[in-house]
>>> print(open('run.tsv').read())   # TSV, C-alpha atoms
chain	number	residue	atom	x	y	z
A	156	MET	CA	-16.41	26.84	9.23
A	157	ALA	CA	-15.93	23.53	7.40
A	158	ASP	CA	-13.21	23.23	4.79
A	159	PRO	CA	-13.78	21.59	1.39
A	160	MET	CA	-12.27	18.27	2.43
A	161	GLY	CA	-14.23	17.88	5.64
A	162	GLY	CA	-11.94	19.46	8.24
A	163	HIS	CA	-12.53	22.74	10.09
A	164	ARG	CA	-11.12	26.22	9.96
A	165	THR	CA	-11.60	29.41	11.92
A	166	GLU	CA	-13.66	32.37	10.75
A	167	ASP	CA	-10.45	33.78	9.25
A	168	PRO	CA	-9.54	31.06	6.74
A	169	SER	CA	-6.03	32.38	6.21
A	170	PRO	CA	-3.81	29.67	7.71
A	171	GLN	CA	-0.91	30.82	9.86
A	172	PRO	CA	1.85	28.55	11.18
A	173	PRO	CA	2.65	28.85	14.90
A	174	HIS	CA	5.79	30.88	14.28
A	175	CYS	CA	4.13	33.20	11.79
A	176	LYS	CA	1.41	35.56	13.01
A	177	ALA	CA	-1.01	37.27	10.64
A	178	GLY	CA	0.53	40.38	9.15
A	179	SER	CA	4.03	39.53	10.36
A	180	ALA	CA	7.09	40.01	8.20
A	181	THR	CA	7.54	36.22	7.99
A	182	SER	CA	3.96	35.76	6.81
A	183	ARG	CA	4.28	38.46	4.17
A	184	ALA	CA	7.57	36.99	2.98
A	185	SER	CA	6.05	33.51	2.68
A	186	GLN	CA	3.12	34.81	0.66
A	187	LYS	CA	5.47	36.79	-1.57
A	188	THR	CA	7.55	33.66	-2.21
A	189	MET	CA	4.46	31.65	-3.14
A	190	ILE	CA	3.25	34.36	-5.51
A	191	GLU	CA	6.65	34.47	-7.21
A	192	LEU	CA	6.37	30.75	-7.98
A	193	LEU	CA	3.34	31.39	-10.18
A	194	SER	CA	4.30	32.00	-13.81
A	195	GLY	CA	4.30	35.55	-15.12
A	196	GLU	CA	1.50	34.68	-17.54
A	197	ALA	CA	-0.60	33.21	-14.74
A	198	LYS	CA	-0.07	36.24	-12.47
A	199	ASP	CA	-0.95	38.69	-15.24
A	200	ASP	CA	-4.11	36.76	-16.10
A	201	LEU	CA	-5.25	36.53	-12.47
A	202	LEU	CA	-4.65	40.23	-11.84
A	203	ASP	CA	-6.46	41.15	-15.08
A	204	ARG	CA	-9.47	39.10	-13.93
A	205	GLY	CA	-9.78	41.05	-10.69
A	206	PHE	CA	-7.77	39.05	-8.16
A	207	SER	CA	-5.66	41.11	-5.76
A	208	ARG	CA	-2.01	40.35	-5.10
A	209	ARG	CA	-2.99	39.10	-1.66
A	210	GLN	CA	-5.41	36.63	-3.28
A	211	LEU	CA	-2.59	35.32	-5.48
A	212	GLY	CA	-1.07	33.78	-2.36
A	213	ARG	CA	-4.25	31.82	-1.76
A	214	ILE	CA	-4.32	30.65	-5.36
A	215	ALA	CA	-0.74	29.43	-5.03
A	216	ALA	CA	-1.81	27.60	-1.85
A	217	VAL	CA	-4.55	25.81	-3.79
A	218	PHE	CA	-1.86	24.23	-5.95
A	219	SER	CA	0.53	23.74	-2.98
A	220	VAL	CA	3.33	25.30	-4.98
A	221	GLY	CA	6.66	24.08	-3.66
A	222	ALA	CA	8.02	24.28	-0.14
A	223	ALA	CA	6.66	27.80	0.23
A	224	ALA	CA	3.17	26.37	0.56
A	225	ALA	CA	4.23	24.30	3.55
A	226	SER	CA	5.93	27.27	5.18
A	227	LEU	CA	2.71	29.24	5.05
A	228	GLY	CA	0.74	26.57	6.91
A	229	ARG	CA	-1.81	24.10	5.65
A	230	PRO	CA	-4.35	25.59	3.21
A	231	ALA	CA	-7.81	25.63	4.80
A	232	TRP	CA	-9.45	24.53	1.55
A	233	ALA	CA	-7.68	21.17	1.53
A	234	SER	CA	-7.00	20.19	5.16
A	235	GLY	CA	-3.32	20.52	4.35
A	236	GLY	CA	-3.47	17.11	2.68
A	237	ILE	CA	-4.26	15.49	6.04
A	238	PRO	CA	-7.33	13.22	5.68
A	239	ASP	CA	-9.86	12.54	8.39
A	240	PRO	CA	-9.19	9.36	10.40
A	241	ALA	CA	-10.53	6.19	8.76
A	242	PRO	CA	-13.85	5.00	10.23
A	243	SER	CA	-13.54	2.18	12.74
A	244	ALA	CA	-16.87	0.60	11.73
A	245	LYS	CA	-16.90	-2.86	10.20
A	246	VAL	CA	-19.27	-1.67	7.46
A	247	ARG	CA	-18.02	1.49	5.73
A	248	ILE	CA	-20.70	2.85	3.41
A	249	GLY	CA	-20.29	6.56	3.95
A	250	ALA	CA	-17.69	7.85	1.48
A	251	ASN	CA	-19.00	6.67	-1.92
A	252	GLU	CA	-16.04	4.33	-2.29
A	253	CYS	CA	-16.28	1.05	-4.16
A	254	TRP	CA	-16.78	-2.01	-1.95
A	255	THR	CA	-13.80	-3.75	-3.53
A	256	GLY	CA	-10.45	-2.97	-5.12
A	257	PRO	CA	-9.34	-2.38	-8.72
A	258	LEU	CA	-10.44	-4.60	-11.59
A	259	ALA	CA	-8.22	-7.65	-12.18
A	260	PRO	CA	-6.52	-6.32	-15.37
A	261	GLY	CA	-5.66	-3.12	-13.51
A	262	VAL	CA	-4.15	-4.99	-10.58
A	263	ALA	CA	-2.01	-7.07	-12.96
A	264	ALA	CA	-0.82	-3.99	-14.86
A	265	ALA	CA	0.06	-2.12	-11.66
A	266	MET	CA	2.05	-5.08	-10.33
A	267	ALA	CA	3.85	-5.54	-13.63
A	268	ILE	CA	5.18	-1.99	-13.71
A	269	ILE	CA	6.43	-1.79	-10.12
A	270	PRO	CA	9.86	-3.28	-11.01
A	271	SER	CA	10.28	-0.34	-13.42
A	272	GLY	CA	9.55	2.19	-10.69
A	273	ASN	CA	13.14	3.43	-10.78
A	274	ARG	CA	12.23	5.30	-13.99
A	275	TYR	CA	10.04	8.38	-14.10
A	276	GLU	CA	8.51	7.02	-17.28
A	277	PRO	CA	9.87	3.66	-18.51
A	278	LYS	CA	7.99	4.05	-21.77
A	279	ASP	CA	5.08	6.28	-22.78
A	280	GLN	CA	2.64	5.24	-20.05
A	281	ARG	CA	0.91	8.62	-20.05
A	282	GLY	CA	0.43	8.42	-23.80
A	283	ASP	CA	-0.91	4.87	-23.50
A	284	PHE	CA	-3.48	6.08	-21.00
A	285	ILE	CA	-4.64	8.89	-23.28
A	286	LYS	CA	-4.95	6.43	-26.16
A	287	ALA	CA	-7.17	4.24	-23.97
A	288	VAL	CA	-9.42	7.24	-23.32
A	289	MET	CA	-9.50	7.93	-27.06
A	290	GLN	CA	-10.57	4.34	-27.68
A	291	VAL	CA	-13.41	4.47	-25.15
A	292	GLU	CA	-14.60	8.07	-25.48
A	293	GLY	CA	-13.63	9.08	-29.02
A	294	ALA	CA	-11.93	12.24	-27.78
A	295	PRO	CA	-8.86	13.48	-29.73
A	296	TYR	CA	-5.44	12.92	-28.15
A	297	ASP	CA	-4.84	16.59	-27.38
A	298	HIS	CA	-8.27	16.88	-25.72
A	299	VAL	CA	-7.35	14.54	-22.82
A	300	ALA	CA	-5.34	15.32	-19.68
A	301	PRO	CA	-4.83	12.80	-16.84
A	302	TRP	CA	-4.62	13.98	-13.24
A	303	PRO	CA	-3.91	12.43	-9.81
A	304	GLY	CA	-7.61	12.22	-8.93
A	305	SER	CA	-10.27	14.78	-9.78
A	306	SER	CA	-10.02	17.22	-6.87
A	307	ASP	CA	-7.09	19.11	-8.40
A	308	PRO	CA	-8.64	19.74	-11.83
A	309	LEU	CA	-11.96	20.69	-10.20
A	310	SER	CA	-10.33	23.32	-7.98
A	311	ARG	CA	-8.08	24.32	-10.88
A	312	ALA	CA	-11.11	24.97	-13.09
A	313	VAL	CA	-12.50	27.30	-10.42
A	314	VAL	CA	-9.24	29.26	-10.34
A	315	THR	CA	-9.08	29.36	-14.14
A	316	PHE	CA	-12.59	30.57	-14.88
A	317	CYS	CA	-13.88	32.23	-11.70
A	318	SER	CA	-12.78	35.51	-10.17
A	319	PRO	CA	-14.11	38.26	-7.91
A	320	ASN	CA	-15.99	39.46	-11.02
A	321	ARG	CA	-17.19	36.11	-12.43
A	322	GLY	CA	-18.64	33.61	-10.04
A	323	LEU	CA	-19.49	29.94	-9.73
A	324	VAL	CA	-22.97	28.40	-9.99
A	325	THR	CA	-23.71	24.95	-8.58
A	326	ALA	CA	-26.72	22.88	-7.64
A	327	ASP	CA	-27.82	22.42	-4.04
A	328	PRO	CA	-27.16	19.83	-2.78
A	329	THR	CA	-24.12	18.72	-4.77
A	330	PHE	CA	-20.44	17.91	-4.28
A	331	GLU	CA	-19.08	20.93	-2.41
A	332	LEU	CA	-15.41	21.19	-3.41
A	333	ALA	CA	-15.97	23.66	-6.26
A	334	GLY	CA	-18.08	25.94	-4.08
A	335	ARG	CA	-15.70	25.88	-1.16
A	336	THR	CA	-12.70	26.54	-3.37
A	337	ALA	CA	-14.48	29.54	-4.91
A	338	GLU	CA	-15.34	30.89	-1.45
A	339	TRP	CA	-11.74	30.39	-0.32
A	340	LEU	CA	-10.60	32.50	-3.28
A	341	GLY	CA	-13.24	35.20	-2.81
A	342	ALA	CA	-15.28	34.42	-5.94
A	343	PRO	CA	-19.10	34.73	-5.74
A	344	VAL	CA	-21.00	31.44	-5.37
A	345	LYS	CA	-24.66	30.79	-6.20
A	346	ARG	CA	-26.25	27.53	-5.07
A	347	VAL	CA	-29.47	26.60	-6.86
A	348	PRO	CA	-31.89	23.98	-5.45
A	349	LEU	CA	-32.48	20.88	-7.53
A	350	LYS	CA	-35.75	20.48	-9.43
A	351	ALA	CA	-38.63	18.39	-8.11
A	352	ASP	CA	-37.19	15.36	-9.92
A	353	TYR	CA	-33.79	16.03	-8.27
A	354	THR	CA	-32.02	16.99	-11.51
A	355	HIS	CA	-30.14	20.23	-12.07
A	356	ASP	CA	-32.36	23.25	-12.75
A	357	VAL	CA	-30.16	24.63	-15.52
A	358	LYS	CA	-32.43	27.56	-16.36
A	359	ALA	CA	-32.49	28.67	-12.73
A	360	MET	CA	-28.71	28.21	-12.58
A	361	LEU	CA	-28.23	30.58	-15.50
A	362	ALA	CA	-30.69	33.08	-14.01
A	363	ALA	CA	-28.87	32.96	-10.67
A	364	ASP	CA	-25.74	34.48	-12.21
A	365	PRO	CA	-25.99	35.43	-15.91
A	366	ASN	CA	-22.30	36.45	-15.88
A	367	ALA	CA	-20.85	33.41	-14.09
A	368	GLY	CA	-17.43	32.12	-15.12
A	369	LEU	CA	-18.13	28.47	-14.30
A	370	PHE	CA	-21.27	26.33	-14.10
A	371	TYR	CA	-20.74	23.06	-12.22
A	372	VAL	CA	-22.99	20.11	-13.14
A	373	CYS	CA	-22.42	16.82	-11.33
A	374	THR	CA	-24.27	13.99	-13.09
A	375	PRO	CA	-25.07	11.53	-11.65
A	376	ASN	CA	-25.25	14.03	-8.85
A	377	ASN	CA	-23.50	13.54	-5.54
A	378	PRO	CA	-25.34	13.07	-3.17
A	379	THR	CA	-28.63	12.22	-4.90
A	380	GLY	CA	-27.40	9.84	-7.60
A	381	THR	CA	-29.75	11.45	-10.13
A	382	VAL	CA	-28.85	11.97	-13.79
A	383	THR	CA	-29.43	15.37	-15.40
A	384	PRO	CA	-30.60	14.96	-19.02
A	385	LEU	CA	-27.96	15.76	-21.62
A	386	ALA	CA	-30.52	17.95	-23.38
A	387	ASP	CA	-30.63	20.19	-20.30
A	388	ILE	CA	-26.85	20.45	-20.24
A	389	GLU	CA	-26.83	21.24	-23.96
A	390	TRP	CA	-29.27	24.08	-23.28
A	391	LEU	CA	-26.99	25.51	-20.61
A	392	VAL	CA	-23.96	25.29	-22.91
A	393	ALA	CA	-25.89	27.03	-25.69
A	394	ASN	CA	-27.25	29.83	-23.49
A	395	LYS	CA	-24.44	30.53	-21.02
A	396	PRO	CA	-22.49	33.81	-21.17
A	397	ALA	CA	-19.56	34.12	-23.55
A	398	GLY	CA	-16.25	33.05	-22.09
A	399	SER	CA	-17.72	30.86	-19.37
A	400	ILE	CA	-17.34	27.10	-19.03
A	401	VAL	CA	-19.74	24.29	-18.11
A	402	LEU	CA	-17.89	21.68	-16.04
A	403	ILE	CA	-19.62	18.28	-16.22
A	404	ASP	CA	-18.49	16.00	-13.40
A	405	GLU	CA	-19.22	12.40	-14.42
A	406	ALA	CA	-17.49	10.66	-11.51
A	407	TYR	CA	-20.37	8.19	-11.11
A	408	THR	CA	-21.34	7.70	-14.73
A	409	HIS	CA	-20.14	4.09	-14.96
A	410	PHE	CA	-22.50	3.16	-12.14
A	411	ALA	CA	-25.41	4.67	-14.08
A	412	GLY	CA	-24.58	3.22	-17.49
A	413	VAL	CA	-26.15	6.15	-19.34
A	414	PRO	CA	-24.93	8.20	-22.34
A	415	THR	CA	-22.20	10.67	-21.41
A	416	ALA	CA	-21.24	14.22	-22.38
A	417	SER	CA	-17.94	13.39	-24.10
A	418	TYR	CA	-19.47	14.17	-27.50
A	419	MET	CA	-19.65	17.83	-26.47
A	420	VAL	CA	-15.87	17.80	-26.12
A	421	THR	CA	-15.31	16.44	-29.63
A	422	ALA	CA	-17.70	19.12	-30.90
A	423	GLY	CA	-15.43	21.82	-29.45
A	424	LYS	CA	-17.96	23.19	-26.96
A	425	ASP	CA	-17.08	25.30	-23.91
A	426	VAL	CA	-17.16	22.29	-21.60
A	427	ILE	CA	-14.87	20.29	-19.36
A	428	VAL	CA	-15.90	16.67	-18.81
A	429	MET	CA	-14.28	15.25	-15.69
A	430	ARG	CA	-13.86	11.59	-14.68
A	431	THR	CA	-12.30	9.74	-11.76
A	432	PHE	CA	-11.15	6.18	-11.07
A	433	SER	CA	-12.15	6.46	-7.41
A	434	LYS	CA	-15.63	5.00	-7.89
A	435	ILE	CA	-16.52	1.93	-9.96
A	436	PHE	CA	-12.83	1.24	-10.70
A	437	GLY	CA	-12.04	0.83	-6.99
A	438	MET	CA	-8.99	3.11	-7.08
A	439	ALA	CA	-9.85	5.80	-4.51
A	440	GLY	CA	-6.53	5.31	-2.72
A	441	MET	CA	-4.55	5.34	-5.98
A	442	ARG	CA	-5.61	8.84	-7.07
A	443	MET	CA	-6.31	8.83	-10.80
A	444	GLY	CA	-8.66	10.86	-12.94
A	445	TYR	CA	-8.78	12.82	-16.17
A	446	VAL	CA	-10.46	15.66	-17.98
A	447	MET	CA	-11.62	15.93	-21.57
A	448	THR	CA	-11.79	19.39	-23.06
A	449	ARG	CA	-10.31	21.59	-25.79
A	450	PRO	CA	-6.50	21.99	-25.89
A	451	ASP	CA	-6.74	25.74	-25.21
A	452	ILE	CA	-8.71	25.05	-22.02
A	453	ILE	CA	-6.18	22.42	-20.90
A	454	ALA	CA	-3.38	24.95	-21.49
A	455	LYS	CA	-5.14	27.53	-19.34
A	456	MET	CA	-5.63	25.04	-16.50
A	457	MET	CA	-1.98	23.92	-16.61
A	458	ARG	CA	-0.28	27.31	-16.63
A	459	TYR	CA	-0.20	27.70	-12.85
A	460	ASP	CA	2.42	25.00	-12.28
A	461	GLY	CA	3.66	24.18	-15.76
A	462	GLY	CA	1.55	21.04	-16.09
A	463	MET	CA	3.39	19.28	-13.26
A	464	GLN	CA	0.28	17.71	-11.72
A	465	SER	CA	-0.87	16.26	-15.04
A	466	GLY	CA	2.56	15.14	-16.14
A	467	ALA	CA	4.00	13.52	-13.00
A	468	LEU	CA	1.69	10.61	-12.22
A	469	PRO	CA	2.40	7.46	-10.14
A	470	LEU	CA	3.19	4.65	-12.56
A	471	PRO	CA	1.14	1.92	-10.81
A	472	SER	CA	-1.93	4.17	-10.80
A	473	LEU	CA	-1.44	5.11	-14.43
A	474	ALA	CA	-0.99	1.49	-15.53
A	475	CYS	CA	-3.95	0.31	-13.45
A	476	ALA	CA	-6.22	2.98	-14.91
A	477	THR	CA	-5.16	2.24	-18.49
A	478	ALA	CA	-5.87	-1.47	-18.19
A	479	SER	CA	-9.15	-0.92	-16.32
A	480	LEU	CA	-10.67	1.65	-18.64
A	481	THR	CA	-11.06	-0.78	-21.54
A	482	ALA	CA	-12.35	-3.71	-19.45
A	483	ALA	CA	-15.92	-3.11	-20.60
A	484	ASP	CA	-17.35	-6.48	-19.57
A	485	LEU	CA	-15.94	-6.21	-16.05
A	486	ILE	CA	-17.32	-2.67	-15.69
A	487	VAL	CA	-20.79	-3.90	-16.65
A	488	ALA	CA	-20.52	-6.84	-14.23
A	489	ARG	CA	-19.51	-4.57	-11.37
A	490	ARG	CA	-22.39	-2.20	-12.14
A	491	LYS	CA	-24.80	-5.14	-12.09
A	492	GLU	CA	-23.40	-6.27	-8.73
A	493	MET	CA	-24.04	-2.80	-7.31
A	494	GLN	CA	-27.55	-2.67	-8.75
A	495	GLU	CA	-28.45	-5.98	-7.12
A	496	ALA	CA	-27.22	-4.84	-3.71
A	497	ARG	CA	-28.96	-1.49	-4.14
A	498	GLY	CA	-32.22	-3.11	-5.22
A	499	MET	CA	-32.28	-5.41	-2.20
A	500	THR	CA	-31.64	-2.45	0.11
A	501	LEU	CA	-34.23	-0.16	-1.43
A	502	GLU	CA	-36.84	-2.90	-1.20
A	503	HIS	CA	-36.10	-3.26	2.50
A	504	LEU	CA	-36.34	0.49	3.04
A	505	LYS	CA	-39.66	0.52	1.20
A	506	LYS	CA	-41.02	-2.18	3.51
A	507	ARG	CA	-39.95	-0.06	6.47
A	508	GLY	CA	-41.91	2.89	5.08
A	509	LEU	CA	-38.88	5.16	4.64
A	510	THR	CA	-38.65	7.84	1.95
A	511	VAL	CA	-35.75	7.38	-0.47
A	512	ILE	CA	-34.81	9.68	-3.35
A	513	PRO	CA	-34.73	7.81	-6.71
A	514	THR	CA	-31.12	7.10	-7.72
A	515	ASN	CA	-29.06	5.91	-10.69
A	516	ALA	CA	-25.72	5.56	-8.91
A	517	ASN	CA	-23.97	3.80	-6.03
A	518	MET	CA	-25.63	5.96	-3.40
A	519	PHE	CA	-29.10	6.83	-2.15
A	520	MET	CA	-30.57	9.36	0.25
A	521	ILE	CA	-32.94	8.50	3.09
A	522	ASP	CA	-35.23	11.17	4.52
A	523	TRP	CA	-35.72	10.54	8.25
A	524	LYS	CA	-38.32	13.35	8.27
A	525	THR	CA	-38.22	14.53	11.89
A	526	VAL	CA	-34.91	13.00	13.00
A	527	PRO	CA	-31.66	14.87	12.27
A	528	ALA	CA	-29.34	12.97	9.93
A	529	GLY	CA	-26.45	13.40	12.34
A	530	LYS	CA	-28.38	11.56	15.03
A	531	MET	CA	-29.03	8.64	12.68
A	532	GLN	CA	-25.37	8.51	11.68
A	533	ALA	CA	-24.45	8.23	15.36
A	534	ALA	CA	-27.08	5.52	15.86
A	535	PHE	CA	-25.69	3.41	13.02
A	536	ARG	CA	-22.21	3.68	14.52
A	537	THR	CA	-23.50	1.78	17.54
A	538	GLN	CA	-24.07	-1.07	15.06
A	539	SER	CA	-20.58	-0.68	13.56
A	540	VAL	CA	-22.08	0.74	10.37
A	541	GLU	CA	-20.67	4.02	9.02
A	542	ILE	CA	-23.22	5.76	6.79
A	543	GLY	CA	-22.73	9.08	5.05
A	544	ARG	CA	-23.45	12.63	6.02
A	545	SER	CA	-26.14	15.17	5.24
A	546	TRP	CA	-26.19	18.54	3.45
A	547	PRO	CA	-27.32	21.81	5.09
A	548	ILE	CA	-30.24	22.21	2.69
A	549	TRP	CA	-31.61	18.79	3.81
A	550	PRO	CA	-30.70	18.33	7.49
A	551	THR	CA	-32.84	15.20	7.96
A	552	VAL	CA	-31.57	13.38	4.87
A	553	SER	CA	-28.60	10.96	5.00
A	554	ARG	CA	-26.50	9.79	2.06
A	555	VAL	CA	-25.72	6.08	2.08
A	556	THR	CA	-23.18	4.44	-0.23
A	557	VAL	CA	-24.08	1.11	-1.83
A	558	GLY	CA	-21.55	-1.46	-0.66
A	559	SER	CA	-21.35	-5.19	-1.25
A	560	MET	CA	-24.41	-7.38	-0.81
A	561	ASP	CA	-23.13	-8.51	2.59
A	562	GLU	CA	-22.49	-4.92	3.65
A	563	MET	CA	-25.96	-3.84	2.62
A	564	LYS	CA	-27.51	-6.77	4.50
A	565	ALA	CA	-25.60	-5.59	7.56
A	566	PHE	CA	-26.92	-2.08	6.95
A	567	CYS	CA	-30.49	-3.38	6.82
A	568	ALA	CA	-29.96	-5.37	10.00
A	569	GLY	CA	-28.55	-2.27	11.71
A	570	LEU	CA	-31.48	-0.20	10.47
A	571	ASP	CA	-33.96	-2.61	12.02
A	572	LYS	CA	-32.26	-2.10	15.39
A	573	VAL	CA	-31.98	1.70	15.34
A	574	TRP	CA	-35.20	2.56	13.49
A	575	THR	CA	-38.17	1.24	15.42
>>> encode(input="run.tsv", output="structure tokens")
Amino acid sequence: MADPMGGHRTEDPSPQPPHCKAGSATSRASQKTMIELLSGEAKDDLLDRGFSRRQLGRIAAVFSVGAAAASLGRPAWASGGIPDPAPSAKVRIGANECWTGPLAPGVAAAMAIIPSGNRYEPKDQRGDFIKAVMQVEGAPYDHVAPWPGSSDPLSRAVVTFCSPNRGLVTADPTFELAGRTAEWLGAPVKRVPLKADYTHDVKAMLAADPNAGLFYVCTPNNPTGTVTPLADIEWLVANKPAGSIVLIDEAYTHFAGVPTASYMVTAGKDVIVMRTFSKIFGMAGMRMGYVMTRPDIIAKMMRYDGGMQSGALPLPSLACATASLTAADLIVARRKEMQEARGMTLEHLKKRGLTVIPTNANMFMIDWKTVPAGKMQAAFRTQSVEIGRSWPIWPTVSRVTVGSMDEMKAFCAGLDKVWT
């Protein structure tokens, strides 16, 4: 069974270190230690929401709480923090990364702060970052929380609002981390197919689980690159069950250049708007992201580890993100560069008679019809081109990331050799 970060786990997802067999005294002691590291408030809340004491150990593993997490073995939901090997292909257009590094102001800011790396916080770098978000998004100061990437707050939202009694609803296909985290914790998961126009079917999502704790909307969607209308998201927010949250993942929004959902945050709605710097900002390896939501929701998400993940951020990443976020002209220029490379590629695919799903982001999906996507991925590797994967609901459809113009020309050349 695949884990949320692309590795593999056995049918029993409970990880056990070599010296610690399932059910052994050492295993039980390790789980007990992990549970004790959760705050009393967090434990009481989780138990009240229907989690068992055994499940508390898994929740602690999600947050990798202290050394006890390592002693229990690597959590199946996160590959133990060990990434898959980097592709050896010359052209890497399979992971939705940016084709180039951070924007110039971000690079300069990161370099400038390195000499001050002996201090945990030389000045108020975290506060400066939040003020930059306020400037761009209009969200109040106490409605913004930075994180080292977006995977932690996404999984954290699942823990905070889902339970054995209140499930998760996502689209299908979409980014899988929320669903796999919920399954790891034992919360119900409903996956709802996209509409004919490849946007989220919000009415079907609500019907799938009228008592869900969390509705996950990724827009532009990964892997389709399609934008779900804000009016549809507003409908879901207005009609969802009381106490539930709509999480709006806008990781790719800068590539689309469309209106965003941040206004729902300032209106005090039951939403979490999530962003990352791993895409257009070229900071995937620097791990920076943030959420915008009400202060009471931030407090709930932080109670499992006392806000450590949001408060202890690498200074170069924080400085780079702060300087990049307000570089509006450079963001527009990078989006235009992507659009030109994407347009050239889509035109080539059209000439070859291939079916491509309409997209607004730095990715597109090709339907090979009768050929499995995995076979095409292997074929492109013979051309030193690493394309993306497929999703179970669409086994003949491959996701391809838009790289630089040169990379996309190499992709087209490789396509002409493997698709005859």
>>> residues_near_point(input="run.tsv", point="(-17.2, 14.7, -21.7)", cutoff="8 Å", atoms="all atoms listed in the file", output="number ranges by chain")
A: 403, 405, 415-420, 426-429, 446-448
>>> write_last_selection(input="run.tsv", atoms="C-alpha atoms", output="CSV table (one decimal), in the frame of the given file")
chain,number,residue,atom,x,y,z
A,403,ILE,CA,-19.6,18.3,-16.2
A,405,GLU,CA,-19.2,12.4,-14.4
A,415,THR,CA,-22.2,10.7,-21.4
A,416,ALA,CA,-21.2,14.2,-22.4
A,417,SER,CA,-17.9,13.4,-24.1
A,418,TYR,CA,-19.5,14.2,-27.5
A,419,MET,CA,-19.6,17.8,-26.5
A,420,VAL,CA,-15.9,17.8,-26.1
A,426,VAL,CA,-17.2,22.3,-21.6
A,427,ILE,CA,-14.9,20.3,-19.4
A,428,VAL,CA,-15.9,16.7,-18.8
A,429,MET,CA,-14.3,15.2,-15.7
A,446,VAL,CA,-10.5,15.7,-18.0
A,447,MET,CA,-11.6,15.9,-21.6
A,448,THR,CA,-11.8,19.4,-23.1
>>> atom_distance(input="run.tsv", atom1="CA of Lys395 in chain A", atom2="CA of Phe370 in chain A")
8.7 Å
>>> closest_residue(input="run.tsv", among="A:Asp451, A:Asp364, A:Asp297, A:Asp460", to="Leu323 in chain A", atoms="all atoms listed in the file")
A:Asp364
>>> closest_residue(input="run.tsv", among="A:Gln494, A:Thr510, A:Ala533, A:Met266", to="Met563 in chain A", atoms="all atoms listed in the file")
A:Gln494
>>> residues_around(input="run.tsv", residues="Phe432 in chain A", least_positions_apart="5", cutoff="8 Å", atoms="all atoms listed in the file", output="short mmCIF file (atom, residue, chain, number, x, y, z; two decimals) with C-alpha atoms, in the frame of the given file")
data_model
loop_
_atom_site.label_atom_id
_atom_site.label_comp_id
_atom_site.auth_asym_id
_atom_site.auth_seq_id
_atom_site.Cartn_x
_atom_site.Cartn_y
_atom_site.Cartn_z
CA GLY A 304 -7.61 12.22 -8.93
CA ALA A 406 -17.49 10.66 -11.51
CA GLY A 437 -12.04 0.83 -6.99
CA MET A 438 -8.99 3.11 -7.08
CA ALA A 439 -9.85 5.80 -4.51
CA ARG A 442 -5.61 8.84 -7.07
CA MET A 443 -6.31 8.83 -10.80
CA GLY A 444 -8.66 10.86 -12.94
CA ALA A 476 -6.22 2.98 -14.91
#
>>> residues_around(input="run.tsv", residues="Leu485 in chain A", least_positions_apart="2", cutoff="12 Å", atoms="all atoms listed in the file", output="list of chain:residue names")
A:Pro257, A:Leu258, A:Ala259, A:Pro260, A:Gly261, A:His409, A:Ile435, A:Phe436, A:Ala478, A:Ser479, A:Leu480, A:Thr481, A:Ala482, A:Ala483, A:Val487, A:Ala488, A:Arg489, A:Arg490, A:Lys491, A:Glu492
>>> closest_residue(input="run.tsv", among="A:Pro396, A:Gly558, A:Pro319, A:Gly212", to="Thr500 in chain A", atoms="all atoms listed in the file")
A:Gly558
>>> residues_around(input="run.tsv", residues="Ala241 in chain A", least_positions_apart="6", cutoff="12 Å", atoms="only C-alpha atoms", output="compact mmCIF listing (two decimals) with C-alpha atoms, in the coordinates of the input")
# COMPACT_ATOMS: atom_id res chain seq x y z
CA ARG A 247 -18.02 1.49 5.73
CA ILE A 248 -20.70 2.85 3.41
CA GLY A 249 -20.29 6.56 3.95
CA ALA A 250 -17.69 7.85 1.48
CA GLU A 541 -20.67 4.02 9.02
>>> closest_residue(input="run.tsv", among="A:Leu332, A:Ala422, A:Leu470, A:Ala351", to="Asp404 in chain A", atoms="only C-alpha atoms")
A:Leu332
>>> closest_residue(input="run.tsv", among="A:Ser433, A:Thr525, A:Thr551, A:Thr374", to="Pro303 in chain A", atoms="all atoms listed in the file")
A:Ser433
>>> residues_near_point(input="run.tsv", point="(-34.5, 15.2, -15.7)", cutoff="9 Å", atoms="all atoms listed in the file", output="PyMOL selection string")
chain A and resi 350+352-356+381-385+387
>>> residues_around(input="run.tsv", residues="Met520 in chain A", least_positions_apart="2", cutoff="8 Å", atoms="all atoms listed in the file", output="VMD selection string")
chain A and resid 378 to 379 511 to 512 518 522 552 to 555
>>> atom_distance(input="run.tsv", atom1="CA of Leu473 in chain A", atom2="CA of Arg335 in chain A")
28.5 Å
>>> closest_residue(input="run.tsv", among="A:Gly440, A:Gly569, A:Gly205, A:Pro348", to="Ala326 in chain A", atoms="all atoms listed in the file")
A:Pro348
>>> residues_around(input="run.tsv", residues="Asn366 in chain A", least_positions_apart="4", cutoff="12 Å", atoms="all atoms listed in the file", output="JSON, numbers by chain")
{"A": [316, 317, 318, 319, 320, 321, 322, 323, 324, 343, 344, 345, 360, 361, 362, 370, 394, 395, 396, 397, 398, 399, 400]}
>>> atom_distance(input="run.tsv", atom1="CA of Val392 in chain A", atom2="CA of Ala300 in chain A")
21.4 Å
>>> decode(input="run.tsv", residues="range 549-557 of chain A", atoms="C-alpha atoms", output="compact mmCIF listing (two decimals), in the first residue's frame")
# COMPACT_ATOMS: atom_id res chain seq x y z
CA TRP A 549 -7.35 7.56 -14.62
CA PRO A 550 -4.78 4.83 -15.28
CA THR A 551 -4.02 5.95 -18.85
CA VAL A 552 -3.53 9.63 -18.02
CA SER A 553 -0.09 11.10 -17.19
CA ARG A 554 0.60 14.37 -15.39
CA VAL A 555 3.37 16.44 -16.94
CA THR A 556 4.92 19.48 -15.26
CA VAL A 557 5.63 22.55 -17.40
